[in-house]
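S.K.: Dropping in input.cif, which is mmCIF, C-alpha atoms and all ligand atoms:
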```
data_input
#
loop_
_atom_site.label_atom_id
_atom_site.label_comp_id
_atom_site.auth_asym_id
_atom_site.auth_seq_id
_atom_site.Cartn_x
_atom_site.Cartn_y
_atom_site.Cartn_z
CA MET A 1 -20.26 48.82 -11.57
CA SER A 2 -17.43 46.97 -13.23
CA ALA A 3 -17.38 46.61 -17.00
CA TRP A 4 -15.88 43.16 -16.63
CA HIS A 5 -18.08 40.11 -16.81
CA LEU A 6 -16.26 36.98 -15.71
CA ALA A 7 -16.69 33.70 -17.56
CA ARG A 8 -18.68 31.07 -15.71
CA ARG A 9 -15.61 28.84 -15.51
CA SER A 10 -13.77 31.46 -13.48
CA ALA A 11 -16.12 30.69 -10.58
CA ARG A 12 -14.42 27.29 -10.44
CA MET A 13 -10.98 28.87 -10.11
CA ASN A 14 -9.97 29.29 -6.51
CA PRO A 15 -6.81 30.52 -4.85
CA SER A 16 -4.66 27.58 -3.90
CA ILE A 17 -5.07 27.11 -0.15
CA ILE A 18 -1.54 25.84 -0.15
CA ARG A 19 -0.20 29.10 -1.55
CA GLU A 20 -2.09 30.98 1.15
CA ILE A 21 -0.59 28.68 3.75
CA LEU A 22 2.88 29.09 2.30
CA LYS A 23 2.60 32.83 2.90
CA LEU A 24 2.10 32.10 6.61
CA THR A 25 5.05 29.79 6.65
CA GLU A 26 7.42 32.35 5.19
CA ARG A 27 7.52 34.04 8.59
CA PRO A 28 11.02 33.94 10.01
CA GLY A 29 11.61 31.14 12.48
CA VAL A 30 8.96 28.81 11.05
CA ARG A 31 10.17 25.31 10.18
CA SER A 32 8.02 24.60 7.16
CA MET A 33 6.98 21.12 6.19
CA ALA A 34 4.16 22.62 4.16
CA GLY A 35 5.71 23.16 0.72
CA GLY A 36 5.71 20.70 -2.12
CA LEU A 37 9.11 21.90 -3.32
CA PRO A 38 12.07 19.64 -3.99
CA SER A 39 15.20 20.40 -1.98
CA ALA A 40 17.15 23.19 -3.71
CA ASP A 41 20.33 21.48 -2.48
CA THR A 42 19.72 18.78 -5.09
CA PHE A 43 19.80 21.16 -8.08
CA PRO A 44 22.87 20.32 -10.21
CA VAL A 45 23.93 23.92 -10.70
CA GLN A 46 27.32 23.25 -12.29
CA ALA A 47 25.97 20.75 -14.82
CA ILE A 48 23.23 23.21 -15.76
CA ARG A 49 25.69 26.11 -16.06
CA ASP A 50 27.92 24.03 -18.36
CA ALA A 51 24.93 22.97 -20.45
CA CYS A 52 23.70 26.59 -20.77
CA ASP A 53 27.15 27.64 -22.02
CA LYS A 54 27.31 24.78 -24.49
CA VAL A 55 23.82 25.42 -25.90
CA LEU A 56 24.52 29.14 -26.29
CA ARG A 57 27.88 28.41 -27.92
CA GLU A 58 26.75 25.69 -30.29
CA ALA A 59 23.14 26.52 -31.19
CA PRO A 60 22.35 30.07 -30.01
CA ARG A 61 20.05 30.97 -32.89
CA GLU A 62 17.94 27.82 -32.61
CA ALA A 63 17.85 27.88 -28.82
CA LEU A 64 16.57 31.46 -28.75
CA GLN A 65 14.11 31.11 -31.64
CA TYR A 66 10.48 29.93 -31.75
CA ALA A 67 10.33 26.18 -32.14
CA ALA A 68 8.02 23.23 -32.82
CA SER A 69 5.01 22.83 -30.53
CA GLU A 70 5.72 19.10 -30.12
CA GLY A 71 9.03 19.82 -28.42
CA TYR A 72 12.74 19.45 -29.17
CA ALA A 73 13.09 16.19 -31.15
CA PRO A 74 16.18 14.83 -29.34
CA LEU A 75 14.47 15.43 -25.97
CA ARG A 76 11.34 13.60 -27.16
CA GLU A 77 13.57 10.71 -28.21
CA TRP A 78 15.33 10.72 -24.83
CA VAL A 79 11.98 10.64 -23.00
CA ALA A 80 10.75 7.71 -25.10
CA GLN A 81 13.96 5.81 -24.31
CA HIS A 82 13.84 6.74 -20.60
CA LEU A 83 10.31 5.36 -20.27
CA VAL A 84 11.42 1.81 -21.11
CA ALA A 85 12.36 1.54 -17.42
CA GLN A 86 8.70 2.20 -16.52
CA GLY A 87 7.66 -0.70 -18.75
CA LEU A 88 6.44 1.66 -21.48
CA THR A 89 7.11 1.16 -25.18
CA VAL A 90 6.70 4.62 -26.65
CA LYS A 91 7.54 6.22 -29.99
CA PRO A 92 9.03 9.74 -29.86
CA GLU A 93 6.01 10.95 -31.90
CA GLN A 94 3.82 10.05 -28.90
CA VAL A 95 5.76 12.40 -26.60
CA LEU A 96 4.62 16.00 -26.27
CA ILE A 97 6.94 18.22 -24.25
CA THR A 98 4.91 20.39 -21.86
CA THR A 99 5.55 23.40 -19.68
CA GLY A 100 5.70 21.32 -16.50
CA SER A 101 3.47 18.30 -16.05
CA GLN A 102 0.99 20.80 -14.63
CA GLN A 103 0.39 21.96 -18.20
CA GLY A 104 -0.15 18.33 -19.15
CA LEU A 105 -3.00 18.19 -16.64
CA ASP A 106 -4.50 21.35 -18.10
CA LEU A 107 -4.24 20.06 -21.66
CA ALA A 108 -5.81 16.73 -20.71
CA GLY A 109 -8.66 18.66 -19.09
CA LYS A 110 -9.06 20.97 -22.07
CA VAL A 111 -9.23 18.15 -24.59
CA LEU A 112 -11.25 15.61 -22.60
CA ILE A 113 -13.68 17.37 -20.22
CA ASP A 114 -17.04 18.84 -21.16
CA ALA A 115 -19.05 20.78 -18.58
CA GLY A 116 -20.91 18.29 -16.39
CA ALA A 117 -18.88 15.27 -17.57
CA PRO A 118 -17.76 12.91 -14.80
CA VAL A 119 -14.03 12.75 -14.00
CA ALA A 120 -12.88 10.20 -11.43
CA VAL A 121 -10.19 11.09 -8.90
CA GLU A 122 -8.54 9.34 -5.98
CA THR A 123 -9.51 10.04 -2.36
CA PRO A 124 -7.49 12.13 -1.58
CA THR A 125 -5.72 13.36 -4.73
CA TYR A 126 -3.26 16.00 -5.94
CA LEU A 127 -4.80 19.39 -5.29
CA GLY A 128 -3.13 20.90 -8.37
CA ALA A 129 -4.97 18.41 -10.58
CA LEU A 130 -8.32 19.37 -9.06
CA GLN A 131 -7.38 22.99 -9.80
CA ALA A 132 -6.34 22.18 -13.37
CA PHE A 133 -9.51 20.24 -14.20
CA ALA A 134 -12.05 22.37 -12.31
CA PRO A 135 -12.31 25.25 -14.85
CA TYR A 136 -13.52 22.73 -17.45
CA GLU A 137 -16.47 22.17 -15.12
CA PRO A 138 -16.36 18.39 -14.60
CA GLU A 139 -18.43 16.53 -12.08
CA PHE A 140 -15.72 15.06 -9.87
CA VAL A 141 -16.37 11.54 -8.65
CA SER A 142 -14.20 10.34 -5.74
CA LEU A 143 -12.97 6.76 -6.13
CA GLU A 144 -13.13 4.83 -2.90
CA GLY A 145 -9.78 3.47 -1.81
CA ASP A 146 -7.64 1.91 0.90
CA ASP A 147 -3.93 2.02 1.81
CA ASP A 148 -3.08 0.41 -1.55
CA GLY A 149 -4.92 2.98 -3.68
CA PRO A 150 -8.33 3.04 -5.33
CA LEU A 151 -10.43 -0.13 -5.16
CA PRO A 152 -11.17 -1.92 -8.45
CA GLU A 153 -14.74 -2.14 -7.19
CA SER A 154 -14.88 1.67 -7.29
CA PHE A 155 -14.63 1.51 -11.11
CA ARG A 156 -17.54 -0.90 -11.22
CA ALA A 157 -19.53 1.47 -8.98
CA LEU A 158 -18.52 4.37 -11.22
CA ALA A 159 -19.80 2.60 -14.34
CA ARG A 160 -23.10 1.82 -12.55
CA ARG A 161 -23.75 5.16 -10.88
CA THR A 162 -21.99 7.73 -13.08
CA PRO A 163 -21.51 6.26 -16.55
CA GLY A 164 -19.51 8.12 -19.15
CA ALA A 165 -16.55 9.23 -17.03
CA ARG A 166 -14.04 10.93 -19.34
CA PHE A 167 -11.07 9.55 -17.44
CA ALA A 168 -9.76 8.54 -14.04
CA TYR A 169 -6.80 10.56 -12.76
CA LEU A 170 -4.38 8.25 -10.94
CA LEU A 171 -1.05 8.73 -9.15
CA PRO A 172 0.38 5.24 -8.64
CA ASN A 173 3.83 6.21 -7.28
CA PHE A 174 4.46 7.93 -3.91
CA GLN A 175 1.24 9.84 -4.29
CA ASN A 176 0.97 13.51 -3.48
CA PRO A 177 -0.34 13.83 -0.78
CA THR A 178 -0.36 10.36 0.86
CA GLY A 179 3.02 8.98 -0.27
CA ARG A 180 1.54 5.54 -1.00
CA VAL A 181 2.41 3.26 -3.91
CA ILE A 182 -0.21 1.17 -5.71
CA PRO A 183 1.13 -2.42 -5.59
CA ARG A 184 1.49 -4.38 -8.81
CA ALA A 185 -1.49 -6.69 -8.33
CA ARG A 186 -3.76 -3.73 -7.56
CA ARG A 187 -2.50 -1.91 -10.68
CA GLU A 188 -3.41 -4.86 -12.85
CA ALA A 189 -6.82 -5.22 -11.21
CA LEU A 190 -7.48 -1.49 -11.58
CA VAL A 191 -6.54 -1.45 -15.25
CA GLN A 192 -8.81 -4.43 -15.84
CA ALA A 193 -11.68 -2.74 -13.99
CA ALA A 194 -11.13 0.58 -15.80
CA ARG A 195 -11.10 -1.16 -19.19
CA ALA A 196 -14.25 -3.07 -18.35
CA ALA A 197 -15.89 0.18 -17.25
CA GLY A 198 -14.69 1.96 -20.41
CA VAL A 199 -12.89 4.63 -18.38
CA PRO A 200 -9.49 5.73 -19.74
CA LEU A 201 -6.63 6.64 -17.41
CA VAL A 202 -4.59 9.79 -16.91
CA GLU A 203 -1.55 8.54 -15.02
CA ASP A 204 0.64 11.18 -13.33
CA ASN A 205 4.13 10.12 -12.29
CA PRO A 206 6.38 12.97 -11.10
CA TYR A 207 7.77 10.99 -8.12
CA GLY A 208 8.37 7.48 -9.53
CA ASP A 209 12.17 7.85 -9.74
CA LEU A 210 12.43 8.97 -6.10
CA TRP A 211 12.22 5.47 -4.59
CA PHE A 212 14.25 4.62 -1.51
CA ASP A 213 14.48 0.85 -1.39
CA ARG A 214 13.10 -0.58 -4.59
CA ALA A 215 11.72 0.77 -7.84
CA PRO A 216 7.92 0.82 -8.02
CA PRO A 217 6.03 -1.59 -10.32
CA PRO A 218 5.59 -0.79 -14.04
CA ALA A 219 3.44 2.16 -15.09
CA MET A 220 -0.27 1.40 -15.25
CA ALA A 221 -0.22 2.65 -18.84
CA SER A 222 1.99 -0.35 -19.72
CA TRP A 223 -1.08 -2.63 -19.37
CA TRP A 224 -3.36 -0.38 -21.43
CA PRO A 225 -1.30 1.98 -23.61
CA GLU A 226 -4.13 2.87 -25.99
CA GLY A 227 -6.40 3.77 -23.07
CA SER A 228 -3.87 5.82 -21.09
CA VAL A 229 -2.28 9.23 -21.04
CA TYR A 230 0.96 9.29 -19.02
CA LEU A 231 2.49 12.44 -17.52
CA GLY A 232 6.12 12.85 -16.49
CA SER A 233 8.25 15.69 -15.19
CA PHE A 234 11.84 16.90 -14.80
CA SER A 235 10.85 18.96 -11.74
CA LYS A 236 11.65 16.45 -9.03
CA VAL A 237 14.73 14.80 -10.57
CA LEU A 238 16.45 17.92 -11.94
CA THR A 239 14.83 21.28 -11.25
CA PRO A 240 11.27 22.66 -11.35
CA GLY A 241 12.50 26.09 -12.49
CA PHE A 242 12.80 25.10 -16.14
CA ARG A 243 9.12 24.06 -16.14
CA LEU A 244 9.71 20.93 -18.18
CA GLY A 245 7.41 17.95 -18.31
CA TYR A 246 5.85 15.69 -20.91
CA ILE A 247 2.68 13.89 -21.94
CA VAL A 248 2.74 10.51 -23.58
CA ALA A 249 -0.49 9.91 -25.45
CA PRO A 250 -1.90 7.37 -27.88
CA ALA A 251 -1.88 8.46 -31.54
CA ALA A 252 -5.65 9.06 -31.47
CA LEU A 253 -5.31 11.86 -28.89
CA MET A 254 -2.05 13.47 -29.92
CA PRO A 255 -3.32 15.92 -32.58
CA LYS A 256 -5.85 17.47 -30.19
CA LEU A 257 -3.38 17.71 -27.32
CA LEU A 258 -0.94 19.40 -29.70
CA GLN A 259 -3.56 21.90 -30.89
CA ALA A 260 -4.50 22.65 -27.27
CA LYS A 261 -0.83 23.20 -26.47
CA GLN A 262 -0.37 25.49 -29.47
CA ALA A 263 -3.28 27.62 -28.36
CA SER A 264 -1.94 27.74 -24.84
CA ASP A 265 1.74 28.71 -25.28
CA LEU A 266 2.90 27.77 -28.81
CA HIS A 267 5.68 25.68 -27.31
CA THR A 268 7.72 25.06 -24.18
CA PRO A 269 10.84 27.29 -24.09
CA SER A 270 13.37 26.01 -26.65
CA PHE A 271 16.35 27.07 -24.55
CA ASN A 272 15.15 25.11 -21.51
CA GLN A 273 14.52 22.00 -23.57
CA ARG A 274 17.95 22.10 -25.16
CA VAL A 275 19.69 22.71 -21.83
CA VAL A 276 17.87 19.86 -20.12
CA HIS A 277 18.58 17.56 -23.04
CA GLU A 278 22.26 18.51 -22.89
CA VAL A 279 22.30 17.71 -19.15
CA VAL A 280 20.53 14.35 -19.35
CA ARG A 281 21.61 12.94 -22.70
CA ASN A 282 24.70 11.06 -21.49
CA GLY A 283 23.21 9.32 -18.47
CA PHE A 284 23.60 12.16 -15.96
CA LEU A 285 20.43 11.17 -14.11
CA ASP A 286 21.83 7.68 -13.47
CA GLN A 287 24.37 9.28 -11.13
CA HIS A 288 22.32 12.24 -9.98
CA VAL A 289 19.00 10.65 -8.98
CA PRO A 290 20.62 8.17 -6.52
CA THR A 291 22.09 11.16 -4.64
CA ILE A 292 18.56 12.62 -4.29
CA ARG A 293 17.24 9.25 -3.13
CA ALA A 294 19.95 8.90 -0.48
CA ARG A 295 19.32 12.40 0.81
CA TYR A 296 15.53 12.04 0.92
CA ARG A 297 15.78 8.57 2.46
CA ALA A 298 17.78 9.97 5.39
CA GLN A 299 15.23 12.77 5.80
CA ARG A 300 12.37 10.25 5.63
CA ASP A 301 14.06 8.21 8.36
CA ALA A 302 14.57 11.34 10.49
CA MET A 303 10.90 12.26 10.19
CA ASP A 304 9.69 8.75 10.93
CA ALA A 305 11.88 8.58 14.05
CA ALA A 306 10.76 12.05 15.16
CA LEU A 307 7.10 11.15 14.69
CA HIS A 308 7.58 8.04 16.83
CA ARG A 309 9.25 10.19 19.49
CA HIS A 310 6.85 13.12 19.58
CA MET A 311 3.36 12.26 18.30
CA PRO A 312 0.59 11.70 20.82
CA ALA A 313 -1.14 8.33 20.96
CA GLY A 314 -3.84 7.99 18.34
CA THR A 315 -1.78 9.60 15.53
CA THR A 316 -1.28 7.22 12.58
CA TRP A 317 0.99 7.24 9.52
CA HIS A 318 2.94 4.95 7.18
CA ALA A 319 6.57 5.78 6.43
CA PRO A 320 6.60 6.41 2.64
CA GLN A 321 8.85 4.25 0.46
CA GLY A 322 9.72 7.21 -1.78
CA GLY A 323 8.65 10.68 -2.86
CA MET A 324 8.47 13.68 -0.57
CA PHE A 325 5.52 13.37 1.83
CA PHE A 326 4.19 11.83 5.04
CA TRP A 327 0.43 11.73 5.46
CA LEU A 328 -0.72 11.81 9.06
CA ARG A 329 -4.08 11.06 10.57
CA LEU A 330 -4.45 12.93 13.85
CA ALA A 331 -6.07 11.59 16.98
CA ASP A 332 -9.86 11.65 17.21
CA GLY A 333 -11.27 15.09 17.96
CA LEU A 334 -8.48 17.08 16.26
CA ASP A 335 -8.89 19.25 13.18
CA ALA A 336 -5.72 19.97 11.18
CA MET A 337 -7.04 23.19 9.64
CA GLN A 338 -7.88 24.62 13.07
CA LEU A 339 -4.48 23.65 14.44
CA LEU A 340 -2.44 25.27 11.69
CA GLU A 341 -2.36 28.73 13.23
CA HIS A 342 -1.26 27.34 16.60
CA ALA A 343 1.42 25.31 14.89
CA VAL A 344 2.75 28.32 12.97
CA ALA A 345 2.80 30.31 16.23
CA ALA A 346 4.82 27.43 17.72
CA GLY A 347 7.26 27.61 14.77
CA VAL A 348 6.17 24.73 12.54
CA ALA A 349 3.96 24.54 9.45
CA PHE A 350 2.15 21.74 7.59
CA VAL A 351 -0.60 21.50 5.00
CA PRO A 352 -4.02 20.41 6.27
CA GLY A 353 -5.35 17.45 4.30
CA ALA A 354 -8.79 18.87 3.49
CA PRO A 355 -7.95 20.63 0.16
CA PHE A 356 -6.80 17.33 -1.34
CA TYR A 357 -10.31 15.89 -1.33
CA ALA A 358 -12.81 16.43 -4.16
CA HIS A 359 -15.59 15.64 -1.65
CA ALA A 360 -15.96 14.94 2.08
CA PRO A 361 -12.55 15.99 3.42
CA ASP A 362 -10.98 14.23 6.36
CA PRO A 363 -10.36 17.02 8.91
CA ARG A 364 -7.86 14.83 10.78
CA ALA A 365 -5.47 14.48 7.82
CA MET A 366 -2.29 16.50 7.27
CA ARG A 367 0.60 16.42 4.79
CA LEU A 368 4.20 16.88 5.88
CA SER A 369 7.07 17.32 3.44
CA PHE A 370 10.33 15.86 4.68
CA VAL A 371 12.69 17.03 1.93
CA THR A 372 13.43 20.69 2.59
CA LEU A 373 14.58 20.55 6.25
CA SER A 374 17.71 19.02 7.74
CA PRO A 375 17.23 15.96 10.00
CA ALA A 376 17.90 18.17 13.06
CA ASP A 377 15.28 20.72 11.96
CA ILE A 378 12.85 17.91 11.19
CA ASP A 379 13.22 16.67 14.77
CA GLU A 380 12.73 20.16 16.23
CA GLY A 381 9.76 20.83 13.96
CA ILE A 382 8.04 17.55 14.77
CA ALA A 383 8.73 18.10 18.48
CA ALA A 384 6.99 21.50 18.23
CA LEU A 385 4.09 19.92 16.35
CA GLY A 386 3.88 17.21 19.01
CA ARG A 387 3.58 19.87 21.74
CA VAL A 388 0.77 21.62 19.82
CA LEU A 389 -1.11 18.34 19.41
CA HIS A 390 -0.64 17.28 23.05
CA GLU A 391 -1.90 20.68 24.16
CA ALA A 392 -4.92 20.53 21.83
CA LEU A 393 -5.76 17.04 23.06
CA SER A 394 -5.60 18.05 26.70
CA ALA A 395 -7.78 21.11 25.94
CA ALA A 396 -10.27 19.24 23.72
CA PRO A 397 -13.53 18.29 25.40
CA LEU A 398 -13.88 14.53 25.65
CA VAL A 399 -15.69 13.36 22.56
CA ALA A 400 -18.47 10.91 23.34
CA SER A 401 -18.02 7.88 21.13
C1 LIG B 1 1.29 14.89 -8.44
C2 LIG B 1 1.84 16.08 -9.12
N1 LIG B 1 1.58 16.25 -10.42
C3 LIG B 1 2.05 17.29 -11.10
C4 LIG B 1 2.83 18.25 -10.46
C5 LIG B 1 3.30 19.42 -11.27
O1 LIG B 1 4.68 19.34 -11.48
P1 LIG B 1 5.44 20.13 -12.61
O2 LIG B 1 4.47 21.01 -13.32
O3 LIG B 1 6.50 20.90 -11.91
O4 LIG B 1 5.99 19.08 -13.52
C6 LIG B 1 3.13 18.13 -9.11
C7 LIG B 1 3.93 19.14 -8.43
O5 LIG B 1 4.15 19.15 -7.26
C8 LIG B 1 2.62 17.00 -8.42
O6 LIG B 1 2.86 16.80 -7.12
#
```
Would you encode the structure as C-alpha cells?
Ligand SMILES: Cc1ncc(COP(=O)(O)O)c(C=O)c1O
M.R.:
Amino acid sequence: MSAWHLARRSARMNPSIIREILKLTERPGVRSMAGGLPSADTFPVQAIRDACDKVLREAPREALQYAASEGYAPLREWVAQHLVAQGLTVKPEQVLITTGSQQGLDLAGKVLIDAGAPVAVETPTYLGALQAFAPYEPEFVSLEGDDDGPLPESFRALARRTPGARFAYLLPNFQNPTGRVIPRARREALVQAARAAGVPLVEDNPYGDLWFDRAPPPAMASWWPEGSVYLGSFSKVLTPGFRLGYIVAPAALMPKLLQAKQASDLHTPSFNQRVVHEVVRNGFLDQHVPTIRARYRAQRDAMDAALHRHMPAGTTWHAPQGGMFFWLRLADGLDAMQLLEHAVAAGVAFVPGAPFYAHAPDPRAMRLSFVTLSPADIDEGIAALGRVLHEALSAAPLVAS
C-alpha cells in the first residue's frame, strides 16, 4: 500500500485531453490543426536576442536577482498604458505581472473560489480555465449562449437558480475555442445583467490584438472596473516561452492576489520581464502585431476556402474575425471524438470540442487551429479531413429524425 494520501482536490485534476491528443499528432506526416500554439514563425528572435544582450549588459545583477512579487515596475507601467486602447483606465499599482495568464486564472481561483461555490462559465469555454479552477472545487454553472456569446438572461437565471456565484469567466475576443467576438451591445447588456445579479467578472483577453479587419469593442471591464478582473498575455503577440502575462484587479482584490502569487512562485522571472519590457517599450508591437495579423488572416482565408471546398453538406462554421481557431459543427450523426483516430490515420489532427464544455458536451463540435500550417498544408489537411467525414457519413447508419 502506498504511503501517499492524495488531497481531495487532486481528484479534480485531470490530464489535459488536449495534451494527450497532441502526443498523437506528433506522429510524422500528421498535419496538426490541434494545437493552441502561436506560429513560431512570428517570434521576433532578433529583437529578443538584442534585448537579452542589452539587459545582461546594463542590469545583469538586477535581472538575475530575486525581485518584487508585483512585477517589474516599468513593465507594469507599460501594461497600464497599453490597456488604454482596450478602453481601460488602469493605474500601474493595479497590474500584477503573472507567469502567463494561466497563472492569473489559478490565482483568481485560489483567491475567489471556496469548495462548492458556483462559478459561471461560457458554453463552451477555455479548457485551461476549467482545469485551473477545478482544484478549488467550484460548482461550475454553464451560461447559456448563442453566436454572440452568453445571453444576458443567463445571468438572471444564474441569480435565481444558483445565487452567490463567485464570478463569471468570460472571453469576449476571438474566444478559445469558438473564435467568436461578443458584440458591443451584448457586452453592455451582459455587464448590466452581471451587475444586477451581483456576479463579478473575470475577463480573459489573450487574443484581442489578433484582429483581422477591425479591432474588437472595448473590454467588458471598462463598463465595470470595480467588479472585474482582467487578464492579458504576451504569449500570442510576442512569445509564450517567456511565460509572461498580467492581471489587472481592483484595489480591493490586489493584496490577496499578490499574497497568492507570493505563495505560488515569489515572482515571475525578473530576466524575462526586463527583456520583454526592453522589446516592447518603444512601440515594437505597433509594427510587429500587424505582421502577425496579416499572416493569420491569410491562413484564416485559406482554411475558410478549404472548408468550403472539402466539407460535406451539413457541416457548419463561421469564419473567425481574429484569433487562431475555427469551430466546426459536424453533420448530424457524427462524433468528433470517435473520428479523431481515423483522422490521424489519414494524416490530419484536430481537437474534439467535448473537453471545452463544463457540462453536456456537443459531440459534433471540433476546434481547428489555422495558424501553424501553411495555406497549402491547410488545404491538404482539410481535404483529408473532408474525406474522413464523407466516409464516416456514408458508413453511418441513417439516423431516424
Ligand atoms: C483563453 C486563454 N486564456 C489563457 C491562456 C494561457 O495563456 P498564457 O498562460 O500563455 O498567457 C490561453 C492559452 O492558450 C488561452 O487560450
S.K.: Contacts of Phe167 of chain A at 7 Å or less, counting only C-alpha atoms, minus same-chain residues fewer than 6 places along, as number ranges by chain?
M.R.: A: 119-120, 199-202
S.K.: Report the closest atom pair, with its distance in Å rounded to one decimal, for each residue of chain A that has an atom no farther than 6 Å from ligand LIG 1 (chain B); count only C-alpha atoms and all ligand atoms, sort by chain and then rising residue number, and write it as a Markdown table.
M.R.:
```
| residue | atom | partner | partner_atom | distance |
| --- | --- | --- | --- | --- |
| A:Gly36 | CA | B:LIG1 | O5 | 5.6 |
| A:Gly100 | CA | B:LIG1 | O2 | 3.4 |
| A:Ser101 | CA | B:LIG1 | O4 | 3.7 |
| A:Gln102 | CA | B:LIG1 | O2 | 3.7 |
| A:Tyr126 | CA | B:LIG1 | C1 | 5.3 |
| A:Asn176 | CA | B:LIG1 | C1 | 5.2 |
| A:Asp204 | CA | B:LIG1 | N1 | 5.9 |
| A:Pro206 | CA | B:LIG1 | C2 | 5.8 |
| A:Ser233 | CA | B:LIG1 | O4 | 4.4 |
| A:Ser235 | CA | B:LIG1 | O3 | 4.8 |
| A:Pro240 | CA | B:LIG1 | O3 | 5.1 |
| A:Arg243 | CA | B:LIG1 | O3 | 5.9 |
| A:Gly245 | CA | B:LIG1 | O4 | 5.1 |
```
S.K.: Using all atoms listed in the file, can you list as a list in words the residues within 6 Å of (3.5, 26.1, 8.8)?
M.R.: Thr25, Ser32, Ala34, Val344, Val348, Ala349 and Phe350 of chain A
S.K.: Taking into account all atoms listed in the file, which residue in the set A:Pro355, A:Pro163, A:Pro361, A:Pro38 is nearest to Ala129 of chain A?
M.R.: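 Comparing A:Pro355, A:Pro163, A:Pro361, A:Pro38 against Ala129 of chain A, the winner is A:Pro355.
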S.K.: My list of candidates is A:Arg19, A:Arg364, A:His277, A:His288. Which is closest to Arg329 of chain A when distances are computed with all atoms listed in the file?
M.R.: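 When distances to Arg329 of chain A are compared using all atoms listed in the file, the smallest one comes from A:Arg364.
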S.K.: Return the single residue from A:Leu88, A:Leu238, A:Leu389, A:Ala376 that is closest to Val279 of chain A, with distances computed using only C-alpha atoms.
M.R.: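 The shortest atom-to-atom distance to Val279 of chain A comes from A:Leu238.
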S.K.: Quote the spacing between atom CA of Lys91 of chain A and atom CA of Leu285 of chain A in Å to one decimal place.
M.R.: 21.0 Å
S.K.: Between A:Ala185, A:Thr268, A:Glu203, A:Arg180, single out the one closest to Gln65 of chain A, counting all atoms listed in the file.
M.R.: A:Thr268
S.K.: Choose the residue, out of A:Pro375, A:Leu210, A:Glu391, A:Val237, that has the smallest atom-to-atom separation from Val280 of chain A; count all atoms listed in the file.
M.R.: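 Smallest distance to Val280 of chain A is found for A:Val237.
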S.K.: Give me the residues of segment 235-261 of chain A that have any atom at most 10 Å from an atom of segment 220-231 of chain A; for each, the nearest atom pair and the distance in Å, rounded to one decimal. Use all atoms listed in the file, sort by chain and number, and format it as CSV.
M.R.:
```
residue,atom,partner,partner_atom,distance
A:Gly245,CA,A:Leu231,CA,7.4
A:Tyr246,CA,A:Leu231,CA,5.8
A:Ile247,CA,A:Leu231,CA,4.7
A:Val248,CA,A:Tyr230,CA,5.0
A:Ala249,CA,A:Val229,CA,4.8
A:Pro250,CA,A:Glu226,CA,5.4
A:Ala251,CA,A:Glu226,CA,8.2
A:Ala252,CA,A:Glu226,CA,8.4
A:Leu253,CA,A:Val229,CA,8.8
A:Met254,CA,A:Val229,CA,9.8
```
S.K.: Compile the contact shell of segment 154-160 of chain A as a PyMOL selection string: residues with an atom at most 10 Å away, counting only C-alpha atoms, same-chain residues fewer than 2 positions apart removed.
M.R.: chain A and resi 118-120+141-145+150-152+162-165+168+190-199
S.K.: Measuring atom to atom with only C-alpha atoms, identify which of A:Leu96, A:Phe133, A:Gly128, A:Val121 is nearest to Arg12 of chain A.
M.R.: A:Phe133
S.K.: May I ask for the distance between atom CA of Phe325 of chain A and atom CA of Met13 of chain A, given in Å to one decimal place?
M.R.: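 The value is 25.6 Å.
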